[in-house]
$ cat query.pdb   # PDB, C-alpha atoms
MODEL        1
ATOM      1  CA  MET S   1      55.980 110.679   2.989
ATOM      2  CA  ARG S   2      57.942 113.894   2.405
ATOM      3  CA  LEU S   3      56.453 117.205   3.375
ATOM      4  CA  PHE S   4      57.610 120.405   1.769
ATOM      5  CA  THR S   5      57.440 123.668   3.651
ATOM      6  CA  ARG S   6      59.574 126.602   4.706
ATOM      7  CA  ASN S   7      61.924 125.107   7.276
ATOM      8  CA  LEU S   8      64.988 125.780   9.344
ATOM      9  CA  GLU S   9      68.422 125.326   7.833
ATOM     10  CA  ILE S  10      70.937 122.716   8.966
ATOM     11  CA  ARG S  11      74.099 124.622   9.832
ATOM     12  CA  TRP S  12      76.421 121.613   9.934
ATOM     13  CA  LEU S  13      76.573 117.850  10.574
ATOM     14  CA  TYR S  14      79.373 115.788  12.122
ATOM     15  CA  THR S  15      79.581 111.970  12.054
ATOM     16  CA  PRO S  16      82.789 110.762  13.755
ATOM     17  CA  GLY S  17      82.281 107.054  13.054
ATOM     18  CA  ALA S  18      81.546 105.752  16.562
ATOM     19  CA  THR S  19      78.847 106.271  19.179
ATOM     20  CA  ILE S  20      78.600 109.876  20.380
ATOM     21  CA  TRP S  21      78.407 109.483  24.139
ATOM     22  CA  ARG S  22      78.416 113.042  25.403
ATOM     23  CA  VAL S  23      78.500 116.555  23.975
ATOM     24  CA  HIS S  24      79.546 119.611  25.961
ATOM     25  CA  PRO S  25      78.127 122.988  24.858
ATOM     26  CA  ALA S  26      80.648 125.283  23.236
ATOM     27  CA  VAL S  27      83.147 127.139  25.386
ATOM     28  CA  ARG S  28      85.161 129.866  23.635
ATOM     29  CA  GLY S  29      83.689 128.842  20.306
ATOM     30  CA  ARG S  30      84.590 125.149  20.606
ATOM     31  CA  ILE S  31      82.064 122.360  21.100
ATOM     32  CA  LEU S  32      83.674 119.267  22.641
ATOM     33  CA  GLY S  33      82.449 115.700  22.622
ATOM     34  CA  GLU S  34      83.190 112.157  23.713
ATOM     35  CA  GLU S  35      82.719 109.174  21.409
ATOM     36  CA  ARG S  36      82.930 105.453  22.187
ATOM     37  CA  ASP S  37      83.846 102.644  19.828
ATOM     38  CA  LEU S  38      81.811  99.904  21.504
ATOM     39  CA  GLU S  39      83.533  97.054  19.648
ATOM     40  CA  ARG S  40      87.128  98.171  20.153
ATOM     41  CA  LYS S  41      86.459  99.547  23.659
ATOM     42  CA  GLN S  42      88.151 102.810  22.749
ATOM     43  CA  VAL S  43      87.140 106.291  23.924
ATOM     44  CA  SER S  44      88.058 109.310  21.822
ATOM     45  CA  PHE S  45      87.402 113.006  22.200
ATOM     46  CA  PHE S  46      86.813 115.677  19.595
ATOM     47  CA  ALA S  47      86.472 119.427  19.225
ATOM     48  CA  LEU S  48      84.524 121.298  16.560
ATOM     49  CA  ASP S  49      84.201 124.927  15.622
ATOM     50  CA  MET S  50      80.723 125.856  16.872
ATOM     51  CA  ALA S  51      80.024 128.245  14.003
ATOM     52  CA  THR S  52      81.064 125.991  11.107
ATOM     53  CA  GLY S  53      81.323 122.429  12.433
ATOM     54  CA  ALA S  54      84.933 122.227  11.230
ATOM     55  CA  VAL S  55      86.903 119.534  13.062
ATOM     56  CA  LEU S  56      89.586 121.137  15.223
ATOM     57  CA  TRP S  57      90.925 117.813  16.497
ATOM     58  CA  HIS S  58      89.863 114.221  17.097
ATOM     59  CA  ARG S  59      91.995 111.751  19.037
ATOM     60  CA  PRO S  60      91.952 109.011  21.702
ATOM     61  CA  GLY S  61      92.300 110.041  25.310
ATOM     62  CA  ALA S  62      95.402 109.405  27.405
ATOM     63  CA  GLY S  63      95.746 106.489  29.849
ATOM     64  CA  ASP S  64      93.064 103.812  30.025
ATOM     65  CA  PRO S  65      91.429 103.485  26.592
ATOM     66  CA  TRP S  66      87.917 102.758  27.927
ATOM     67  CA  TRP S  67      87.356 103.601  31.598
ATOM     68  CA  VAL S  68      87.467 107.372  31.184
ATOM     69  CA  GLY S  69      84.926 110.110  30.502
ATOM     70  CA  MET S  70      84.458 113.845  30.110
ATOM     71  CA  ASN S  71      84.146 115.666  33.423
ATOM     72  CA  ARG S  72      83.818 119.286  32.326
ATOM     73  CA  VAL S  73      85.290 122.070  30.215
ATOM     74  CA  ALA S  74      86.735 125.230  31.730
ATOM     75  CA  GLY S  75      88.165 127.878  29.443
ATOM     76  CA  ASP S  76      90.797 126.274  27.240
ATOM     77  CA  LEU S  77      90.952 123.030  29.220
ATOM     78  CA  LEU S  78      89.079 119.722  28.981
ATOM     79  CA  PHE S  79      89.019 117.739  32.234
ATOM     80  CA  VAL S  80      88.685 113.964  31.928
ATOM     81  CA  HIS S  81      88.050 111.571  34.806
ATOM     82  CA  GLY S  82      88.874 107.905  35.271
ATOM     83  CA  PHE S  83      87.261 105.314  37.546
ATOM     84  CA  ALA S  84      88.405 103.715  40.801
ATOM     85  CA  THR S  85      87.908 100.233  39.292
ATOM     86  CA  PRO S  86      86.092  99.012  36.163
ATOM     87  CA  ASP S  87      83.295  97.475  38.251
ATOM     88  CA  LEU S  88      82.948 100.483  40.576
ATOM     89  CA  PRO S  89      81.512 103.633  38.914
ATOM     90  CA  VAL S  90      83.302 105.999  41.299
ATOM     91  CA  GLN S  91      85.282 108.708  39.557
ATOM     92  CA  ARG S  92      89.014 108.724  40.252
ATOM     93  CA  GLY S  93      91.894 110.010  38.219
ATOM     94  CA  VAL S  94      92.425 113.351  36.485
ATOM     95  CA  THR S  95      93.576 113.989  32.932
ATOM     96  CA  VAL S  96      93.739 117.495  31.455
ATOM     97  CA  ILE S  97      93.662 118.089  27.710
ATOM     98  CA  ALA S  98      94.129 121.342  25.797
ATOM     99  CA  ALA S  99      90.697 122.113  24.349
ATOM    100  CA  ALA S 100      92.157 124.004  21.376
ATOM    101  CA  THR S 101      94.555 121.290  20.169
ATOM    102  CA  GLY S 102      93.713 118.016  21.935
ATOM    103  CA  GLU S 103      97.212 117.914  23.453
ATOM    104  CA  HIS S 104      97.536 115.823  26.616
ATOM    105  CA  LEU S 105      98.841 118.166  29.317
ATOM    106  CA  TRP S 106      99.038 115.943  32.402
ATOM    107  CA  SER S 107      97.440 113.072  34.331
ATOM    108  CA  ARG S 108      97.306 111.889  37.947
ATOM    109  CA  ALA S 109      95.630 108.535  38.624
ATOM    110  CA  GLU S 110      95.397 108.976  42.423
ATOM    111  CA  TRP S 111      93.453 112.256  42.431
ATOM    112  CA  SER S 112      89.731 112.897  42.031
ATOM    113  CA  ILE S 113      88.227 116.203  40.924
ATOM    114  CA  GLU S 114      86.408 118.312  43.511
ATOM    115  CA  ARG S 115      86.176 121.802  41.992
ATOM    116  CA  VAL S 116      87.378 123.263  38.725
ATOM    117  CA  ASP S 117      88.572 126.683  37.681
ATOM    118  CA  GLU S 118      90.636 127.398  34.603
ATOM    119  CA  ALA S 119      93.533 128.674  36.721
ATOM    120  CA  SER S 120      93.365 126.283  39.661
ATOM    121  CA  LEU S 121      91.897 122.880  40.355
ATOM    122  CA  ILE S 122      90.838 121.402  43.696
ATOM    123  CA  VAL S 123      91.463 117.652  43.884
ATOM    124  CA  ARG S 124      91.041 115.026  46.581
ATOM    125  CA  GLU S 125      93.911 112.703  47.436
ATOM    126  CA  ASP S 126      93.298 109.662  49.636
ATOM    127  CA  ARG S 127      96.016 109.045  52.202
ATOM    128  CA  ARG S 128      96.510 106.564  54.999
ATOM    129  CA  GLY S 129      95.232 108.999  57.622
ATOM    130  CA  GLY S 130      92.298 110.155  55.478
ATOM    131  CA  SER S 131      91.739 112.273  52.409
ATOM    132  CA  VAL S 132      93.139 115.747  51.833
ATOM    133  CA  LEU S 133      92.175 118.500  49.408
ATOM    134  CA  LEU S 134      94.904 119.974  47.233
ATOM    135  CA  ALA S 135      94.930 123.099  45.095
ATOM    136  CA  VAL S 136      96.859 122.398  41.888
ATOM    137  CA  ASP S 137      97.758 124.335  38.762
ATOM    138  CA  SER S 138      95.208 123.339  36.127
ATOM    139  CA  THR S 139      97.636 123.464  33.214
ATOM    140  CA  THR S 140     100.599 121.647  34.799
ATOM    141  CA  GLY S 141      99.266 119.626  37.749
ATOM    142  CA  SER S 142     101.770 121.236  40.114
ATOM    143  CA  VAL S 143     100.561 121.363  43.726
ATOM    144  CA  LEU S 144      99.945 124.947  44.860
ATOM    145  CA  ASN S 145      98.545 124.344  48.338
ATOM    146  CA  GLU S 146      97.728 121.402  50.604
ATOM    147  CA  ASN S 147      94.948 120.981  53.154
ATOM    148  CA  VAL S 148      92.539 123.266  51.341
ATOM    149  CA  ALA S 149      89.391 123.863  53.409
ATOM    150  CA  SER S 150      86.416 122.035  51.918
ATOM    151  CA  ASP S 151      84.104 124.873  52.911
ATOM    152  CA  GLY S 152      86.474 127.699  52.119
ATOM    153  CA  ASN S 153      85.404 130.727  50.123
ATOM    154  CA  VAL S 154      85.724 129.965  46.442
ATOM    155  CA  GLN S 155      85.520 132.625  43.760
ATOM    156  CA  LEU S 156      83.510 130.894  41.082
ATOM    157  CA  PRO S 157      84.500 131.664  37.490
ATOM    158  CA  GLU S 158      82.002 133.105  35.075
ATOM    159  CA  ASP S 159      79.673 130.326  33.983
ATOM    160  CA  PRO S 160      80.316 129.706  30.263
ATOM    161  CA  LEU S 161      76.993 127.859  30.004
ATOM    162  CA  ALA S 162      74.877 130.733  31.310
ATOM    163  CA  ALA S 163      73.830 131.594  27.745
ATOM    164  CA  VAL S 164      72.976 127.990  26.844
ATOM    165  CA  GLU S 165      69.269 127.107  26.782
ATOM    166  CA  PHE S 166      68.265 123.668  28.014
ATOM    167  CA  PRO S 167      64.722 122.285  27.767
ATOM    168  CA  ALA S 168      62.523 121.671  30.786
ATOM    169  CA  LEU S 169      61.941 118.012  31.587
ATOM    170  CA  LEU S 170      58.171 117.649  32.083
ATOM    171  CA  SER S 171      55.526 115.002  32.598
ATOM    172  CA  GLY S 172      52.528 114.833  30.278
ATOM    173  CA  ALA S 173      50.356 116.542  32.903
ATOM    174  CA  GLU S 174      52.900 119.331  33.368
ATOM    175  CA  VAL S 175      53.137 119.878  29.620
ATOM    176  CA  GLN S 176      49.362 120.257  29.341
ATOM    177  CA  GLU S 177      49.493 123.028  31.953
ATOM    178  CA  ARG S 178      51.887 125.035  29.778
ATOM    179  CA  ARG S 179      50.707 127.460  27.121
ATOM    180  CA  SER S 180      52.781 125.478  24.627
ATOM    181  CA  GLY S 181      51.199 122.190  25.642
ATOM    182  CA  GLU S 182      48.784 122.412  22.742
ATOM    183  CA  PHE S 183      51.690 122.136  20.309
ATOM    184  CA  VAL S 184      52.787 118.853  21.883
ATOM    185  CA  ALA S 185      49.246 117.468  21.667
ATOM    186  CA  GLN S 186      49.078 118.485  18.004
ATOM    187  CA  GLN S 187      52.156 116.387  17.244
ATOM    188  CA  TRP S 188      51.464 113.200  19.194
ATOM    189  CA  ALA S 189      48.685 111.396  21.033
ATOM    190  CA  MET S 190      49.560 112.039  24.666
ATOM    191  CA  ASP S 191      48.623 108.500  25.737
ATOM    192  CA  ARG S 192      51.238 107.136  23.308
ATOM    193  CA  LEU S 193      54.128 109.031  24.899
ATOM    194  CA  ALA S 194      56.535 107.393  27.328
ATOM    195  CA  GLY S 195      58.771 109.068  29.866
ATOM    196  CA  PRO S 196      59.312 112.806  30.230
ATOM    197  CA  ILE S 197      58.818 115.373  27.490
ATOM    198  CA  GLU S 198      61.498 117.993  26.833
ATOM    199  CA  LEU S 199      60.117 121.453  26.114
ATOM    200  CA  LEU S 200      61.938 124.700  25.371
ATOM    201  CA  GLU S 201      59.757 127.766  24.832
ATOM    202  CA  GLN S 202      61.226 130.706  22.927
ATOM    203  CA  PRO S 203      59.464 133.907  21.860
ATOM    204  CA  ALA S 204      59.013 132.736  18.262
ATOM    205  CA  LEU S 205      59.585 128.978  18.438
ATOM    206  CA  VAL S 206      58.737 126.002  20.622
ATOM    207  CA  LEU S 207      61.221 123.133  20.617
ATOM    208  CA  MET S 208      60.197 119.717  21.910
ATOM    209  CA  ALA S 209      61.364 116.115  22.096
ATOM    210  CA  ALA S 210      59.167 113.153  23.036
ATOM    211  CA  ASN S 211      59.268 109.353  23.032
ATOM    212  CA  GLU S 212      56.351 107.728  21.176
ATOM    213  CA  ARG S 213      55.408 104.082  21.692
ATOM    214  CA  LYS S 214      55.384 101.870  18.603
ATOM    215  CA  GLY S 215      54.046  98.373  19.175
ATOM    216  CA  GLU S 216      52.933  96.764  22.417
ATOM    217  CA  GLY S 217      54.361  94.561  25.149
ATOM    218  CA  ALA S 218      57.916  93.244  25.220
ATOM    219  CA  GLU S 219      58.351  93.797  21.487
ATOM    220  CA  GLY S 220      57.347  97.431  21.685
ATOM    221  CA  ARG S 221      59.880 100.097  20.837
ATOM    222  CA  LEU S 222      60.044 103.845  21.227
ATOM    223  CA  VAL S 223      60.581 106.443  18.535
ATOM    224  CA  HIS S 224      62.326 109.510  19.918
ATOM    225  CA  HIS S 225      61.076 112.559  18.017
ATOM    226  CA  LEU S 226      62.319 116.127  17.752
ATOM    227  CA  ARG S 227      60.040 118.974  16.612
ATOM    228  CA  VAL S 228      60.316 122.739  16.236
ATOM    229  CA  VAL S 229      57.085 124.698  15.675
ATOM    230  CA  LYS S 230      56.281 128.357  15.182
ATOM    231  CA  ARG S 231      54.399 129.889  18.081
ATOM    232  CA  ASP S 232      52.130 132.076  15.968
ATOM    233  CA  THR S 233      50.888 129.342  13.620
ATOM    234  CA  GLY S 234      51.800 126.012  15.249
ATOM    235  CA  ARG S 235      53.405 125.019  11.955
ATOM    236  CA  VAL S 236      56.312 122.574  12.063
ATOM    237  CA  VAL S 237      59.472 124.243  10.746
ATOM    238  CA  TYR S 238      61.900 121.453  11.614
ATOM    239  CA  ARG S 239      61.669 117.828  12.617
ATOM    240  CA  ASP S 240      63.935 114.830  12.945
ATOM    241  CA  ILE S 241      64.025 111.388  14.530
ATOM    242  CA  LEU S 242      66.585 111.143  17.320
ATOM    243  CA  ALA S 243      66.193 107.367  17.669
ATOM    244  CA  ALA S 244      63.992 105.220  15.426
ATOM    245  CA  SER S 245      63.882 102.126  17.654
ATOM    246  CA  ALA S 246      64.810 102.700  21.294
ATOM    247  CA  THR S 247      64.257 100.267  24.160
ATOM    248  CA  GLY S 248      63.803 103.059  26.720
ATOM    249  CA  PRO S 249      62.964 106.764  26.824
ATOM    250  CA  GLY S 250      65.715 109.092  25.640
ATOM    251  CA  MET S 251      66.469 112.290  27.562
ATOM    252  CA  ASP S 252      68.904 115.210  27.423
ATOM    253  CA  ALA S 253      68.053 115.340  23.746
ATOM    254  CA  PHE S 254      69.080 118.871  22.758
ATOM    255  CA  PHE S 255      70.213 122.338  23.747
ATOM    256  CA  VAL S 256      70.273 125.753  22.086
ATOM    257  CA  GLN S 257      73.394 127.890  21.886
ATOM    258  CA  ASP S 258      74.466 130.750  19.640
ATOM    259  CA  ASN S 259      71.073 130.645  17.916
ATOM    260  CA  ALA S 260      71.559 127.008  16.939
ATOM    261  CA  LEU S 261      69.682 123.860  17.942
ATOM    262  CA  VAL S 262      72.242 121.146  18.775
ATOM    263  CA  TYR S 263      71.346 117.448  19.076
ATOM    264  CA  VAL S 264      72.592 113.932  18.272
ATOM    265  CA  ARG S 265      70.799 111.793  15.681
ATOM    266  CA  GLU S 266      70.805 108.020  16.255
ATOM    267  CA  ARG S 267      73.842 108.412  18.564
ATOM    268  CA  ARG S 268      75.998 108.815  15.452
ATOM    269  CA  THR S 269      75.601 112.302  14.000
ATOM    270  CA  LEU S 270      75.937 115.621  15.796
ATOM    271  CA  CYS S 271      73.615 118.175  14.202
ATOM    272  CA  ALA S 272      73.446 121.956  14.447
ATOM    273  CA  VAL S 273      70.364 123.694  13.044
ATOM    274  CA  SER S 274      70.162 127.454  12.620
ATOM    275  CA  LEU S 275      67.225 129.034  14.429
ATOM    276  CA  GLY S 276      67.592 132.289  12.539
ATOM    277  CA  GLU S 277      65.970 133.372   9.307
ATOM    278  CA  GLN S 278      64.094 130.575   7.560
ATOM    279  CA  THR S 279      65.069 129.394   4.109
ATOM    280  CA  GLY S 280      63.148 128.568   0.960
ATOM    281  CA  GLU S 281      61.260 125.460  -0.121
ATOM    282  CA  THR S 282      63.193 122.440   1.167
ATOM    283  CA  ALA S 283      62.206 119.039   2.489
ATOM    284  CA  LEU S 284      61.798 118.275   6.148
ATOM    285  CA  PRO S 285      63.392 115.022   7.313
ATOM    286  CA  PRO S 286      60.823 112.185   7.467
ATOM    287  CA  GLY S 287      59.052 111.494  10.728
TER
ENDMDL
END
$ encode --input "query.pdb" --output "structure tokens"
Amino acid sequence: MRLFTRNLEIRWLYTPGATIWRVHPAVRGRILGEERDLERKQVSFFALDMATGAVLWHRPGAGDPWWVGMNRVAGDLLFVHGFATPDLPVQRGVTVIAAATGEHLWSRAEWSIERVDEASLIVREDRRGGSVLLAVDSTTGSVLNENVASDGNVQLPEDPLAAVEFPALLSGAEVQERRSGEFVAQQWAMDRLAGPIELLEQPALVLMAANERKGEGAEGRLVHHLRVVKRDTGRVVYRDILAASATGPGMDAFFVQDNALVYVRERRTLCAVSLGEQTGETALPPG
């Protein structure tokens, strides 16, 4: 069934062609992500313009094609980690990529990341007599100082994610204690929900994601829903299905940045929805 109402406008969509594994909120106007081709065992990274969704670059990472992952973004740099061994999920190895272009700047397989700043990076190097902390230049990998104190005073950079809004992760009982709990109960039967509920309360809108049981027993599946409702009326102004048939509860479903709701649909499409002025009569996605 299609419902027609005044709804929020999709700002942009991005479907890279493989499974979107992780998305990092935008830093300096660029939203970066990691995608995994599960059949080819190939990891790639991408960068989009946060305002328009335009692809800035999209390319495989350097080094091992599979046993790597995003660590963090600092300024104009993307830090990628490796693993000690494929069967041991301990991070080891450092690769630094230019966030603006996707250019591989440098890699060191024997280091592991401890602390990150755009100008300097603290890494751990294991040696025969024990491990040592090194301060290195983030853009070149050149060692600046050895034997850095692990508890030394560190001037933390400005947090680029301070303006990003993340939902609270709540149980059903905790949601019902919130003023916005009534909106959740209006959308789903509480006894049909599995796992935590994600709730983000804004002055005008309430954003929520929940996992609803469909079917019973071993054959049962979960539908992971996303809803946005207006606080003053409780009317749904946007909805989507994050996963139509999941085997377990989904979490970390969305965040809000630069007045846009950002989420991944079915692990394939990155979506940005404007939370600004509502548009005319258009159809809400089914669900």
$ atom_distance --input "query.pdb" --atom1 "CA of Leu242 (chain S)" --atom2 "CA of Arg227 (chain S)"
10.2 Å
$ resolve_selection --input "query.pdb" --expression "the PyMOL selection byres ((chain S and resi 140-149) around 9)" --output "list in words"
Val96, Leu105, Trp106, Ser107, Arg108, Ser120, Leu121, Ile122, Val132, Leu133, Leu134, Ala135, Val136, Asp137, Ser138, Thr139, Ser150, Asp151, Gly152 and Asn153 of chain S
$ write_last_selection --input "query.pdb" --atoms "C-alpha atoms" --output "PDB file, in the coordinates of the input"
ATOM      1  CA  VAL S  96      93.739 117.495  31.455  1.00  0.00           C
ATOM      2  CA  LEU S 105      98.841 118.166  29.317  1.00  0.00           C
ATOM      3  CA  TRP S 106      99.038 115.943  32.402  1.00  0.00           C
ATOM      4  CA  SER S 107      97.440 113.072  34.331  1.00  0.00           C
ATOM      5  CA  ARG S 108      97.306 111.889  37.947  1.00  0.00           C
ATOM      6  CA  SER S 120      93.365 126.283  39.661  1.00  0.00           C
ATOM      7  CA  LEU S 121      91.897 122.880  40.355  1.00  0.00           C
ATOM      8  CA  ILE S 122      90.838 121.402  43.696  1.00  0.00           C
ATOM      9  CA  VAL S 132      93.139 115.747  51.833  1.00  0.00           C
ATOM     10  CA  LEU S 133      92.175 118.500  49.408  1.00  0.00           C
ATOM     11  CA  LEU S 134      94.904 119.974  47.233  1.00  0.00           C
ATOM     12  CA  ALA S 135      94.930 123.099  45.095  1.00  0.00           C
ATOM     13  CA  VAL S 136      96.859 122.398  41.888  1.00  0.00           C
ATOM     14  CA  ASP S 137      97.758 124.335  38.762  1.00  0.00           C
ATOM     15  CA  SER S 138      95.208 123.339  36.127  1.00  0.00           C
ATOM     16  CA  THR S 139      97.636 123.464  33.214  1.00  0.00           C
ATOM     17  CA  SER S 150      86.416 122.035  51.918  1.00  0.00           C
ATOM     18  CA  ASP S 151      84.104 124.873  52.911  1.00  0.00           C
ATOM     19  CA  GLY S 152      86.474 127.699  52.119  1.00  0.00           C
ATOM     20  CA  ASN S 153      85.404 130.727  50.123  1.00  0.00           C
TER      21      ASN S 153
END
$ residues_around --input "query.pdb" --residues "Leu270 (chain S)" --least-positions-apart "3" --cutoff "12 Å" --atoms "all atoms listed in the file" --output "PyMOL selection string"
chain S and resi 10-25+31-35+46-48+50+53+55+242+253-255+261-267+273
$ resolve_selection --input "query.pdb" --expression "the PyMOL selection byres ((chain S and resi 222) around 10)" --output "JSON, numbers by chain"
{"S": [192, 193, 194, 210, 211, 212, 213, 214, 215, 220, 221, 223, 224, 225, 243, 244, 245, 246, 247, 248, 249, 250]}
$ atom_distance --input "query.pdb" --atom1 "CA of Asp76 (chain S)" --atom2 "CA of Ala62 (chain S)"
17.5 Å
$ resolve_selection --input "query.pdb" --expression "the PyMOL selection byres ((chain S and resi 167-182) around 6)" --output "VMD selection string"
chain S and resid 166 183 to 185 196 to 200
$ atom_distance --input "query.pdb" --atom1 "CA of Gly276 (chain S)" --atom2 "CA of Leu8 (chain S)"
7.7 Å
$ closest_residue --input "query.pdb" --among "S:Val123, S:Ala26, S:Met208, S:Ala51" --to "Ser274 (chain S)" --atoms "all atoms listed in the file"
S:Ala51
$ closest_residue --input "query.pdb" --among "S:Ala209, S:Ala272, S:Ala260, S:Ala162" --to "Ile241 (chain S)" --atoms "all atoms listed in the file"
S:Ala209
$ axis_aligned_box --input "query.pdb" --around "region 197-209 of chain S" --padding-each-side "8 Å" --output "lines of an AutoDock Vina configuration file"
center_x = 60.3
center_y = 124.6
center_z = 22.9
size_x = 19.2
size_y = 34.5
size_z = 25.2
$ closest_residue --input "query.pdb" --among "S:Asp252, S:Asp87, S:Glu125, S:Asp64" --to "Val43 (chain S)" --atoms "all atoms listed in the file"
S:Asp64
